[in-house]
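Asker: Handing over target12.tsv, TSV, C-alpha atoms and all ligand atoms.
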```tsv
chain	number	residue	atom	x	y	z
A	1	MET	CA	0.00	0.00	0.00
A	2	PRO	CA	1.45	3.47	-0.87
A	3	VAL	CA	2.65	5.34	2.18
A	4	CYS	CA	-0.03	8.04	2.04
A	5	ARG	CA	-2.79	5.43	1.65
A	6	LEU	CA	-1.45	3.48	4.62
A	7	GLU	CA	-1.37	6.65	6.73
A	8	LEU	CA	-4.92	7.40	5.70
A	9	TYR	CA	-6.01	3.88	6.46
A	10	CYS	CA	-4.50	4.09	9.97
A	11	ALA	CA	-6.09	7.51	10.51
A	12	ASN	CA	-9.43	6.08	9.42
A	13	ILE	CA	-9.15	3.25	11.93
A	14	LEU	CA	-8.43	5.83	14.64
A	15	ASN	CA	-11.37	7.95	13.46
A	16	ARG	CA	-13.83	5.10	13.54
A	17	SER	CA	-12.62	3.54	16.79
A	18	TRP	CA	-13.11	4.44	20.37
A	19	VAL	CA	-9.72	5.67	21.55
A	20	ILE	CA	-9.56	5.52	25.34
A	21	ASP	CA	-6.46	5.61	27.50
A	22	MET	CA	-6.99	3.47	30.62
A	23	HIS	CA	-4.52	5.29	32.88
A	24	THR	CA	-3.23	8.87	32.91
A	25	HIS	CA	-2.62	11.68	35.36
A	26	VAL	CA	-3.78	14.40	32.99
A	27	GLN	CA	-4.38	16.83	35.88
A	28	PHE	CA	-0.61	17.11	36.41
A	29	ALA	CA	-0.35	18.88	33.06
A	30	GLU	CA	-0.63	22.33	34.57
A	31	ARG	CA	1.49	21.82	37.67
A	32	PHE	CA	4.69	22.56	35.85
A	33	PRO	CA	6.02	26.02	35.09
A	34	ARG	CA	5.09	27.35	31.64
A	35	ARG	CA	2.89	24.33	30.93
A	36	ASN	CA	-0.71	24.42	29.87
A	37	LEU	CA	-2.90	21.86	28.19
A	38	ALA	CA	-3.76	24.05	25.23
A	39	ARG	CA	-0.20	24.36	23.98
A	40	ARG	CA	1.65	21.73	22.06
A	41	HIS	CA	4.60	20.36	24.01
A	42	LEU	CA	7.85	18.97	22.78
A	43	ASN	CA	8.20	15.62	24.49
A	44	LEU	CA	11.53	13.88	24.84
A	45	HIS	CA	11.27	10.13	24.88
A	46	LEU	CA	13.76	9.37	27.61
A	47	SER	CA	13.30	9.74	31.34
A	48	LEU	CA	12.77	13.16	32.77
A	49	PRO	CA	12.16	13.88	36.41
A	50	ARG	CA	8.60	13.03	37.31
A	51	TRP	CA	7.53	16.61	37.90
A	52	GLY	CA	8.66	17.74	34.48
A	53	ASN	CA	7.05	14.94	32.64
A	54	ALA	CA	3.77	16.27	31.21
A	55	ARG	CA	3.01	14.50	27.95
A	56	ILE	CA	-0.66	15.29	27.42
A	57	ASP	CA	-1.81	18.39	25.57
A	58	ILE	CA	-5.00	19.16	23.71
A	59	PRO	CA	-3.36	19.41	20.26
A	60	ALA	CA	-2.03	15.84	20.73
A	61	LEU	CA	-5.45	14.60	21.87
A	62	ARG	CA	-7.02	16.17	18.78
A	63	ALA	CA	-4.31	14.90	16.42
A	64	ALA	CA	-4.85	11.30	17.51
A	65	GLY	CA	-8.64	11.47	17.87
A	66	VAL	CA	-8.61	10.44	21.54
A	67	ASN	CA	-12.19	10.09	22.83
A	68	ALA	CA	-11.59	9.60	26.54
A	69	MET	CA	-8.99	8.89	29.17
A	70	VAL	CA	-8.97	7.79	32.74
A	71	ALA	CA	-7.75	10.65	34.94
A	72	SER	CA	-6.32	8.94	37.96
A	73	ILE	CA	-6.24	10.78	41.28
A	74	TYR	CA	-2.75	10.49	42.68
A	75	ALA	CA	-2.86	11.24	46.38
A	76	MET	CA	0.76	11.39	47.51
A	77	GLU	CA	1.70	8.53	49.81
A	78	PHE	CA	3.59	9.72	52.83
A	79	PRO	CA	4.14	7.07	55.49
A	80	PHE	CA	2.65	8.07	58.86
A	81	LEU	CA	0.52	10.84	57.35
A	82	PRO	CA	-2.96	10.75	58.95
A	83	ALA	CA	-5.58	9.20	56.66
A	84	HIS	CA	-7.73	12.34	56.59
A	85	LEU	CA	-4.84	14.28	55.04
A	86	HIS	CA	-4.45	11.63	52.34
A	87	PHE	CA	-8.16	12.01	51.71
A	88	GLU	CA	-7.89	15.83	51.52
A	89	ASN	CA	-5.05	15.35	49.08
A	90	ALA	CA	-7.24	13.07	46.93
A	91	LEU	CA	-10.07	15.62	46.96
A	92	ALA	CA	-7.66	18.36	45.90
A	93	ASP	CA	-6.58	16.21	42.95
A	94	LEU	CA	-10.23	15.57	42.07
A	95	ARG	CA	-10.86	19.32	42.12
A	96	ALA	CA	-7.88	19.79	39.80
A	97	ILE	CA	-9.54	17.40	37.31
A	98	GLU	CA	-12.84	19.30	37.58
A	99	ARG	CA	-11.00	22.60	37.10
A	100	LEU	CA	-9.53	21.31	33.84
A	101	THR	CA	-13.02	20.50	32.54
A	102	ARG	CA	-14.14	24.06	33.41
A	103	CYS	CA	-11.06	25.77	31.93
A	104	TYR	CA	-11.17	23.71	28.74
A	105	ALA	CA	-14.93	23.20	28.51
A	106	ASP	CA	-14.80	23.02	24.68
A	107	ASP	CA	-12.33	20.15	24.81
A	108	LEU	CA	-12.79	18.19	28.03
A	109	VAL	CA	-15.79	16.88	29.95
A	110	LEU	CA	-16.28	14.67	33.00
A	111	VAL	CA	-17.73	11.23	32.30
A	112	ARG	CA	-19.75	9.32	34.89
A	113	SER	CA	-21.56	6.72	32.75
A	114	GLY	CA	-21.66	5.03	29.38
A	115	GLY	CA	-24.19	7.66	28.31
A	116	ASP	CA	-21.78	10.45	29.24
A	117	LEU	CA	-19.05	8.71	27.26
A	118	ASP	CA	-21.18	8.66	24.11
A	119	ALA	CA	-22.32	12.24	24.67
A	120	ALA	CA	-18.69	13.34	25.01
A	121	ARG	CA	-17.81	11.75	21.69
A	122	GLN	CA	-20.83	13.24	19.95
A	123	SER	CA	-19.97	16.70	21.20
A	124	GLY	CA	-16.39	16.28	19.99
A	125	ARG	CA	-14.91	16.50	23.48
A	126	VAL	CA	-12.54	14.21	25.33
A	127	GLY	CA	-14.19	12.47	28.29
A	128	LEU	CA	-12.34	12.25	31.61
A	129	ILE	CA	-13.15	9.22	33.78
A	130	VAL	CA	-12.06	9.77	37.38
A	131	ALA	CA	-10.13	6.95	39.08
A	132	LEU	CA	-8.25	6.64	42.35
A	133	GLU	CA	-4.74	5.18	42.42
A	134	GLY	CA	-4.10	3.82	45.94
A	135	ALA	CA	-6.69	3.23	48.66
A	136	HIS	CA	-4.59	4.95	51.34
A	137	ALA	CA	-6.80	7.99	50.62
A	138	LEU	CA	-9.72	6.02	52.08
A	139	GLY	CA	-8.00	5.27	55.37
A	140	SER	CA	-10.30	2.63	56.81
A	141	ASP	CA	-13.51	4.60	56.32
A	142	ILE	CA	-15.88	3.24	53.67
A	143	ALA	CA	-17.82	6.54	53.70
A	144	ARG	CA	-14.85	8.16	51.92
A	145	LEU	CA	-15.35	5.80	48.98
A	146	GLU	CA	-19.01	6.84	48.87
A	147	THR	CA	-18.07	10.55	48.97
A	148	LEU	CA	-15.61	10.10	46.12
A	149	HIS	CA	-18.20	8.14	44.13
A	150	GLU	CA	-20.72	10.96	44.57
A	151	SER	CA	-18.07	13.37	43.32
A	152	GLY	CA	-17.56	11.31	40.15
A	153	LEU	CA	-15.13	8.48	40.98
A	154	ARG	CA	-15.77	5.55	38.63
A	155	SER	CA	-12.68	3.36	38.93
A	156	LEU	CA	-10.71	2.22	41.96
A	157	GLN	CA	-7.22	0.79	42.09
A	158	PRO	CA	-6.76	-0.26	45.74
A	159	ALA	CA	-3.00	-0.91	45.60
A	160	HIS	CA	-0.18	1.51	44.98
A	161	TRP	CA	3.39	1.71	46.29
A	162	LEU	CA	2.91	1.56	50.08
A	163	HIS	CA	0.76	-0.54	52.41
A	164	ASN	CA	-2.77	0.65	53.04
A	165	ALA	CA	-5.79	-0.70	54.91
A	166	CYS	CA	-6.97	-2.64	51.83
A	167	VAL	CA	-3.81	-4.34	50.66
A	168	LYS	CA	-0.11	-4.73	51.40
A	169	ALA	CA	2.45	-3.31	48.97
A	170	ASN	CA	3.38	-5.73	46.22
A	171	TRP	CA	7.06	-4.77	45.97
A	172	SER	CA	7.87	-5.55	49.60
A	173	TRP	CA	8.84	-9.13	50.50
A	174	TRP	CA	6.39	-9.15	53.43
A	175	GLY	CA	3.53	-7.81	51.32
A	176	ARG	CA	3.73	-10.11	48.35
A	177	GLY	CA	1.98	-13.16	49.73
A	178	GLN	CA	-0.65	-11.23	51.68
A	179	PRO	CA	-4.34	-11.56	50.88
A	180	LEU	CA	-6.76	-8.69	50.51
A	181	MET	CA	-7.34	-7.38	54.02
A	182	GLU	CA	-10.71	-7.23	55.74
A	183	PHE	CA	-11.25	-3.57	54.85
A	184	GLY	CA	-10.14	-4.36	51.28
A	185	ARG	CA	-12.88	-6.98	51.01
A	186	GLU	CA	-15.42	-4.45	52.26
A	187	VAL	CA	-14.20	-1.90	49.71
A	188	VAL	CA	-14.45	-4.38	46.82
A	189	LYS	CA	-18.01	-5.32	47.80
A	190	ARG	CA	-19.06	-1.67	48.14
A	191	ALA	CA	-17.43	-0.84	44.80
A	192	ASN	CA	-19.51	-3.63	43.24
A	193	GLU	CA	-22.67	-2.11	44.69
A	194	LEU	CA	-21.84	1.46	43.69
A	195	GLY	CA	-20.80	0.58	40.13
A	196	ILE	CA	-17.10	1.38	40.43
A	197	LEU	CA	-14.76	-0.40	38.03
A	198	LEU	CA	-12.10	-2.37	39.97
A	199	ASP	CA	-8.49	-2.10	38.88
A	200	VAL	CA	-5.85	-4.59	40.10
A	201	ALA	CA	-2.78	-2.70	38.86
A	202	HIS	CA	0.08	-2.67	41.42
A	203	MET	CA	-1.51	-5.58	43.34
A	204	SER	CA	0.22	-8.76	44.53
A	205	SER	CA	-0.78	-12.14	43.06
A	206	ARG	CA	-2.46	-13.26	46.27
A	207	ALA	CA	-4.62	-10.14	46.73
A	208	LEU	CA	-5.42	-10.09	43.05
A	209	ARG	CA	-6.99	-13.56	43.28
A	210	ASP	CA	-9.20	-12.33	46.12
A	211	VAL	CA	-10.44	-9.42	44.00
A	212	PHE	CA	-11.28	-11.79	41.13
A	213	GLU	CA	-13.32	-13.93	43.53
A	214	LEU	CA	-15.22	-11.04	45.09
A	215	ALA	CA	-15.85	-8.91	42.00
A	216	ASP	CA	-19.20	-9.37	40.32
A	217	GLY	CA	-18.30	-7.63	37.07
A	218	PRO	CA	-15.32	-6.90	34.82
A	219	VAL	CA	-11.99	-6.28	36.54
A	220	ILE	CA	-9.32	-4.31	34.75
A	221	CYS	CA	-5.58	-3.96	35.17
A	222	SER	CA	-5.07	-0.45	33.86
A	223	HIS	CA	-1.31	-0.35	33.30
A	224	ALA	CA	0.89	-3.49	33.24
A	225	GLY	CA	2.56	-5.93	30.88
A	226	ALA	CA	2.95	-9.70	30.48
A	227	ARG	CA	5.16	-11.32	33.15
A	228	ALA	CA	6.07	-14.13	30.73
A	229	LEU	CA	7.97	-11.60	28.59
A	230	CYS	CA	9.29	-9.30	31.33
A	231	ASN	CA	9.69	-10.52	34.88
A	232	ALA	CA	8.73	-7.29	36.65
A	233	LYS	CA	6.54	-7.49	39.76
A	234	ARG	CA	4.06	-5.08	38.22
A	235	ASN	CA	3.31	-7.45	35.34
A	236	LEU	CA	0.71	-10.24	35.30
A	237	PHE	CA	1.38	-13.98	35.06
A	238	ASP	CA	-0.42	-15.88	32.31
A	239	GLU	CA	-2.93	-17.44	34.72
A	240	GLU	CA	-3.71	-13.98	36.11
A	241	ILE	CA	-4.35	-12.66	32.61
A	242	ARG	CA	-6.71	-15.59	32.01
A	243	ALA	CA	-8.54	-14.90	35.28
A	244	LEU	CA	-8.82	-11.20	34.41
A	245	ALA	CA	-10.25	-12.06	30.99
A	246	ALA	CA	-12.72	-14.50	32.59
A	247	THR	CA	-14.31	-11.54	34.43
A	248	GLY	CA	-14.74	-9.76	31.07
A	249	GLY	CA	-11.90	-7.41	32.02
A	250	VAL	CA	-9.14	-5.71	30.08
A	251	LEU	CA	-5.38	-5.41	30.53
A	252	GLY	CA	-4.21	-1.87	29.69
A	253	MET	CA	-0.80	-2.39	28.11
A	254	THR	CA	1.87	-0.32	29.80
A	255	PHE	CA	3.99	2.21	27.88
A	256	TYR	CA	6.72	2.05	30.56
A	257	PRO	CA	9.90	0.58	29.01
A	258	PHE	CA	11.16	-1.17	32.16
A	259	TYR	CA	7.98	-3.30	32.36
A	260	LEU	CA	8.31	-4.28	28.71
A	261	ARG	CA	11.98	-5.23	28.70
A	262	ARG	CA	13.79	-5.86	31.96
A	263	PHE	CA	16.40	-3.24	32.87
A	264	SER	CA	16.09	-1.52	29.50
A	265	PRO	CA	15.07	2.11	29.08
A	266	LEU	CA	15.09	1.60	25.31
A	267	ALA	CA	12.16	-0.77	24.82
A	268	THR	CA	10.39	0.13	21.59
A	269	LEU	CA	6.90	0.11	20.18
A	270	GLY	CA	7.75	-3.27	18.63
A	271	ARG	CA	8.39	-4.69	22.10
A	272	MET	CA	5.03	-3.39	23.30
A	273	VAL	CA	3.34	-5.10	20.35
A	274	GLU	CA	5.09	-8.36	21.36
A	275	HIS	CA	3.45	-8.07	24.81
A	276	ILE	CA	0.09	-7.41	23.15
A	277	ASP	CA	0.62	-10.46	20.90
A	278	HIS	CA	1.29	-12.59	23.95
A	279	VAL	CA	-1.91	-11.48	25.70
A	280	VAL	CA	-3.92	-11.91	22.51
A	281	GLN	CA	-2.64	-15.47	22.10
A	282	LEU	CA	-3.68	-16.22	25.69
A	283	VAL	CA	-7.14	-14.65	25.84
A	284	GLY	CA	-7.95	-13.00	22.51
A	285	PRO	CA	-7.85	-9.37	21.33
A	286	GLU	CA	-10.98	-8.36	23.25
A	287	HIS	CA	-9.10	-8.22	26.57
A	288	VAL	CA	-6.33	-5.78	25.65
A	289	GLY	CA	-6.31	-2.00	25.95
A	290	LEU	CA	-3.89	0.92	26.36
A	291	GLY	CA	-2.60	2.15	29.72
A	292	SER	CA	-0.08	4.89	29.00
A	293	ASP	CA	0.42	6.38	32.49
A	294	TYR	CA	1.17	9.67	30.70
A	295	ASN	CA	2.08	12.43	33.16
A	296	GLY	CA	2.83	9.72	35.71
A	297	ALA	CA	5.43	7.26	34.41
A	298	PRO	CA	8.95	8.69	34.52
A	299	ALA	CA	9.78	7.12	31.14
A	300	ILE	CA	7.77	6.12	28.06
A	301	ILE	CA	8.70	3.80	25.18
A	302	CYS	CA	10.19	5.17	22.00
A	303	GLY	CA	7.46	5.74	19.42
A	304	LEU	CA	4.63	6.55	21.81
A	305	ARG	CA	6.08	9.49	23.70
A	306	ASP	CA	2.68	11.12	23.29
A	307	TYR	CA	-0.62	10.41	21.49
A	308	ARG	CA	0.84	11.48	18.16
A	309	GLY	CA	2.44	8.03	18.02
A	310	LEU	CA	-0.91	6.23	17.79
A	311	PRO	CA	-1.08	6.11	13.94
A	312	GLU	CA	2.27	4.28	13.93
A	313	PHE	CA	0.98	1.95	16.64
A	314	VAL	CA	-2.02	1.11	14.44
A	315	GLU	CA	0.33	0.55	11.50
A	316	ARG	CA	2.38	-1.94	13.57
A	317	LEU	CA	-0.72	-3.91	14.50
A	318	LEU	CA	-1.87	-3.99	10.88
A	319	ALA	CA	1.57	-5.26	9.86
A	320	ARG	CA	1.19	-8.07	12.43
A	321	GLY	CA	-2.06	-9.13	10.77
A	322	TYR	CA	-4.55	-7.66	13.25
A	323	ARG	CA	-7.99	-6.96	11.81
A	324	PRO	CA	-9.28	-3.35	12.02
A	325	GLU	CA	-12.05	-4.46	14.40
A	326	ASP	CA	-9.48	-6.05	16.75
A	327	ILE	CA	-7.39	-2.88	16.64
A	328	ALA	CA	-10.50	-0.82	17.41
A	329	GLY	CA	-11.05	-2.92	20.52
A	330	ILE	CA	-7.45	-2.50	21.67
A	331	LEU	CA	-7.57	1.28	21.10
A	332	GLY	CA	-10.53	1.66	23.45
A	333	GLY	CA	-13.56	-0.43	22.49
A	334	ASN	CA	-12.64	-3.17	24.96
A	335	PHE	CA	-12.28	-0.76	27.86
A	336	ARG	CA	-15.54	0.94	26.90
A	337	ARG	CA	-17.32	-2.43	27.10
A	338	ALA	CA	-16.07	-3.00	30.67
A	339	PHE	CA	-16.82	0.60	31.69
A	340	VAL	CA	-20.37	0.56	30.32
A	341	LYS	CA	-21.08	-2.79	31.97
A	342	THR	CA	-19.98	-1.43	35.35
A	343	CYS	CA	-20.93	2.22	35.28
A	344	GLY	CA	-24.12	2.27	33.26
A	345	LYS	CA	-25.39	1.76	29.79
A	346	PRO	CA	-25.13	4.31	26.99
A	347	HIS	CA	-28.30	6.22	26.12
A	348	HIS	CA	-27.87	5.26	22.49
A	349	CYS	CA	-25.12	4.30	20.09
A	350	PRO	CA	-23.80	7.36	18.23
A	351	PRO	CA	-22.54	7.13	14.68
A	352	PRO	CA	-18.76	7.20	14.45
A	353	GLN	CA	-17.49	10.73	13.97
A	354	THR	CA	-14.43	11.84	12.11
A	355	ARG	CA	-12.33	13.85	14.52
A	356	VAL	CA	-8.73	13.30	13.50
A	357	GLU	CA	-7.36	16.58	12.33
A	358	SER	CA	-6.64	18.19	9.03
A	359	ARG	CA	-3.23	16.65	8.40
A	360	TRP	CA	-5.01	13.50	7.36
A	361	GLU	CA	-7.75	15.33	5.49
A	362	ALA	CA	-5.08	17.17	3.51
A	363	LEU	CA	-3.53	13.84	2.60
A	364	CYS	CA	-6.95	12.64	1.58
A	365	ASP	CA	-7.32	15.45	-0.98
A	366	GLU	CA	-3.89	14.77	-2.37
A	367	CYS	CA	-4.33	11.06	-2.75
A	368	PRO	CA	-6.54	10.03	-5.70
A	369	GLN	CA	-6.97	6.51	-4.30
A	370	SER	CA	-8.04	7.64	-0.90
A	371	PRO	CA	-9.80	4.87	1.01
A	372	CYS	CA	-11.93	7.46	2.87
A	401	ZN	ZN	0.67	3.15	38.67
A	402	ZN	ZN	-0.41	6.24	37.81
```
Here is a file; write its structure as structure tokens.
Ligand SMILES: [Zn+2]
Ligand SMILES: [Zn+2]
Answerer:
Amino acid sequence: MPVCRLELYCANILNRSWVIDMHTHVQFAERFPRRNLARRHLNLHLSLPRWGNARIDIPALRAAGVNAMVASIYAMEFPFLPAHLHFENALADLRAIERLTRCYADDLVLVRSGGDLDAARQSGRVGLIVALEGAHALGSDIARLETLHESGLRSLQPAHWLHNACVKANWSWWGRGQPLMEFGREVVKRANELGILLDVAHMSSRALRDVFELADGPVICSHAGARALCNAKRNLFDEEIRALAATGGVLGMTFYPFYLRRFSPLATLGRMVEHIDHVVQLVGPEHVGLGSDYNGAPAIICGLRDYRGLPEFVERLLARGYRPEDIAGILGGNFRRAFVKTCGKPHHCPPPQTRVESRWEALCDECPQSPC
């Protein structure tokens, strides 16, 4: 296929698909000096200090036709900090997400249900789904989960780096074999009742099994890779991927190089596609998604340093023989299925809208054999 036709074909797949990123910290975008979401940023692909690492901007979202992303509340984990201060910290982060939707009301909108997701796409805006990364913000008070849910929380990832009342930290030798704690079980059950999508990222194998048993709907793992290809503690073993898929869940493939190739900051897009291939061979393409951790991960793979890399990602999957409908699922359709099942049905199914920007349209005019 001529280069311009291939580019158009990839852009068309992006246009027609749901494109949803399962894990970001978009609200960090304006915490850095001279940064704002509206301006295009130059992103270097190698590690930068965490606080200078904003990768999301509205021009990039528009260029790639992103429909929605999970905006994960990141309440800083300080050992010995009282739980109510962790909770205040989480609320402040939630307010930062809401402030973005007010400041950029033409581009961003909060999403609380499948209906909201469809409405966001129809209005040409990017939907933000609020999630919580780390249950330390809850302390051991279930009412805090209810308050966050009322404020828009729709996904909960109980584990993060340090111990909390739900689960022990996965990286520590004494936390690895620990089950979900009593408060963790209560949180999972309440999340089921409230319609909050459970996320097992950062969780140990033992606790993860408990979540699979207790959950009564899809369980996701928003940002991880395949342990069979990279033996990092944050990645899932094959049997865990099968159990996740059995719930109807989705594994959001990580963009973090060290979870794709051990001890290598130079993992490429090709390596990420190898991880996707592995998961697809285990459980099929309908259980894979994208979990960039943009604005959170201190390093991102070459080729996907921001959303402008998505057309090349689509091209790689096509070259591997993936069908456009499988690619559409990986780009966001699979996550949307799990989200709608947990957080409410769409009001109706909107027709696909062309949103990818003029670069592709210009190509379309120039190319007499345009597939559009
Ligand atoms: Zn994380
Ligand atoms: Zn994160």
Asker: Ligand ZN 402 (chain A): which residues are within 9 Å, counting only C-alpha atoms and all ligand atoms, as a compact mmCIF listing (two decimals) with C-alpha atoms, in the coordinates of the input?
Answerer:
```txt
# COMPACT_ATOMS: atom_id res chain seq x y z
CA HIS A 23 -4.52 5.29 32.88
CA THR A 24 -3.23 8.87 32.91
CA HIS A 25 -2.62 11.68 35.36
CA SER A 72 -6.32 8.94 37.96
CA ILE A 73 -6.24 10.78 41.28
CA TYR A 74 -2.75 10.49 42.68
CA GLU A 133 -4.74 5.18 42.42
CA HIS A 160 -0.18 1.51 44.98
CA HIS A 223 -1.31 -0.35 33.30
CA SER A 292 -0.08 4.89 29.00
CA ASP A 293 0.42 6.38 32.49
CA TYR A 294 1.17 9.67 30.70
CA ASN A 295 2.08 12.43 33.16
CA GLY A 296 2.83 9.72 35.71
CA ALA A 297 5.43 7.26 34.41
```
Asker: Select, from A:Cys4, A:Ala63, A:Leu94, A:Ala29, the residue with the minimum atom-to-atom distance to A:Gly309, counting all atoms listed in the file.
Answerer: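 Nearest to A:Gly309: A:Ala63.
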Asker: Can you tell me how far atom CA of A:Thr247 sits from atom CA of A:Trp171, in Å to one decimal?
Answerer: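 According to the coordinates, atom CA of A:Thr247 and atom CA of A:Trp171 are separated by 25.2 Å.
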Asker: So which residues touch A:His287 within 7 Å, counting only C-alpha atoms, skipping near sequence neighbours fewer than 6 positions away, as a ChimeraX atom specification?
Answerer: /A:245,249-251,334
Asker: List every protein, DNA or RNA residue that has at least one atom no more than 9 Å from (4.7, -7.7, 28.7) in the file's coordinates, counting only C-alpha atoms, and write the result as a list in words.
Answerer: Ala224, Gly225, Ala226, Arg227, Ala228, Leu229, Cys230, Asn231, Ala232, Asn235, Leu236, Met253, Thr254, Tyr259, Leu260, Arg261, Arg271, Met272, Val273, Glu274, His275, Ile276, His278 and Val279 of chain A
Asker: Return the single residue from A:Ser204, A:Ser123, A:Asn164, A:Ser222 that is closest to ligand ZN 401 (chain A), with distances computed using only C-alpha atoms and all ligand atoms.
Answerer: A:Ser222
Asker: Which polymer residues have any atom within 9 Å of an atom of A:Val200, counting only C-alpha atoms, with same-chain residues fewer than 6 positions away left out, as a list in words?
Answerer: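 That gives Leu156, Gln157, Pro158, Ala159, Ala207, Leu208, Val211, Val219, Ile220, Cys221 and Ser222 of chain A.
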Asker: If you keep C-alpha atoms, can you produce a file of those selected residues as a JSON list (two decimals), in the frame of the given file?
Answerer:
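Generated output (again_19.json):
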```json
[["chain", "number", "residue", "atom", "x", "y", "z"],
["A", 156, "LEU", "CA", -10.71, 2.22, 41.96],
["A", 157, "GLN", "CA", -7.22, 0.79, 42.09],
["A", 158, "PRO", "CA", -6.76, -0.26, 45.74],
["A", 159, "ALA", "CA", -3.00, -0.91, 45.60],
["A", 207, "ALA", "CA", -4.62, -10.14, 46.73],
["A", 208, "LEU", "CA", -5.42, -10.09, 43.05],
["A", 211, "VAL", "CA", -10.44, -9.42, 44.00],
["A", 219, "VAL", "CA", -11.99, -6.28, 36.54],
["A", 220, "ILE", "CA", -9.32, -4.31, 34.75],
["A", 221, "CYS", "CA", -5.58, -3.96, 35.17],
["A", 222, "SER", "CA", -5.07, -0.45, 33.86]]
```
Asker: Which is closer to ligand ZN 401 (chain A) than all the others in A:Ala96, A:Leu162, A:Met181, A:Leu81, using only C-alpha atoms and all ligand atoms?
Answerer: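 Ranked by minimum distance to ligand ZN 401 (chain A), first place goes to A:Leu162.
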Asker: Could you check the closest approach to A:Arg144 for each of A:Arg206, A:Arg190, A:Arg39, A:Arg31 and tell me which residue wins, using all atoms listed in the file?
Answerer: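 Under the stated criterion, the closest residue is A:Arg190.
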Asker: Given all atoms listed in the file as the basis, pick out the residue of A:Gly134, A:Gly195, A:Pro2, A:Pro179 nearest to ligand ZN 401 (chain A).
Answerer: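 Result for the nearest residue to ligand ZN 401 (chain A): A:Gly134.
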Asker: So that I can see what lies close to stretch 57-60 of chain A, please list as a PDB file with C-alpha atoms, in the coordinates of the input the residues with an atom at most 10 Å from it, counting all atoms listed in the file and leaving out residues fewer than 6 positions away in the same chain.
Answerer:
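What landed in selection_29.pdb:
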```pdb
ATOM      1  CA  VAL A  26      -3.780  14.400  32.990  1.00  0.00           C
ATOM      2  CA  ALA A  29      -0.350  18.880  33.060  1.00  0.00           C
ATOM      3  CA  GLU A  30      -0.630  22.330  34.570  1.00  0.00           C
ATOM      4  CA  ARG A  35       2.890  24.330  30.930  1.00  0.00           C
ATOM      5  CA  ASN A  36      -0.710  24.420  29.870  1.00  0.00           C
ATOM      6  CA  LEU A  37      -2.900  21.860  28.190  1.00  0.00           C
ATOM      7  CA  ALA A  38      -3.760  24.050  25.230  1.00  0.00           C
ATOM      8  CA  ARG A  39      -0.200  24.360  23.980  1.00  0.00           C
ATOM      9  CA  ARG A  40       1.650  21.730  22.060  1.00  0.00           C
ATOM     10  CA  HIS A  41       4.600  20.360  24.010  1.00  0.00           C
ATOM     11  CA  VAL A  66      -8.610  10.440  21.540  1.00  0.00           C
ATOM     12  CA  TYR A 104     -11.170  23.710  28.740  1.00  0.00           C
ATOM     13  CA  ASP A 107     -12.330  20.150  24.810  1.00  0.00           C
ATOM     14  CA  LEU A 108     -12.790  18.190  28.030  1.00  0.00           C
ATOM     15  CA  VAL A 126     -12.540  14.210  25.330  1.00  0.00           C
ATOM     16  CA  ASP A 306       2.680  11.120  23.290  1.00  0.00           C
ATOM     17  CA  TYR A 307      -0.620  10.410  21.490  1.00  0.00           C
ATOM     18  CA  ARG A 308       0.840  11.480  18.160  1.00  0.00           C
ATOM     19  CA  GLY A 309       2.440   8.030  18.020  1.00  0.00           C
ATOM     20  CA  GLU A 357      -7.360  16.580  12.330  1.00  0.00           C
TER      21      GLU A 357
END
```
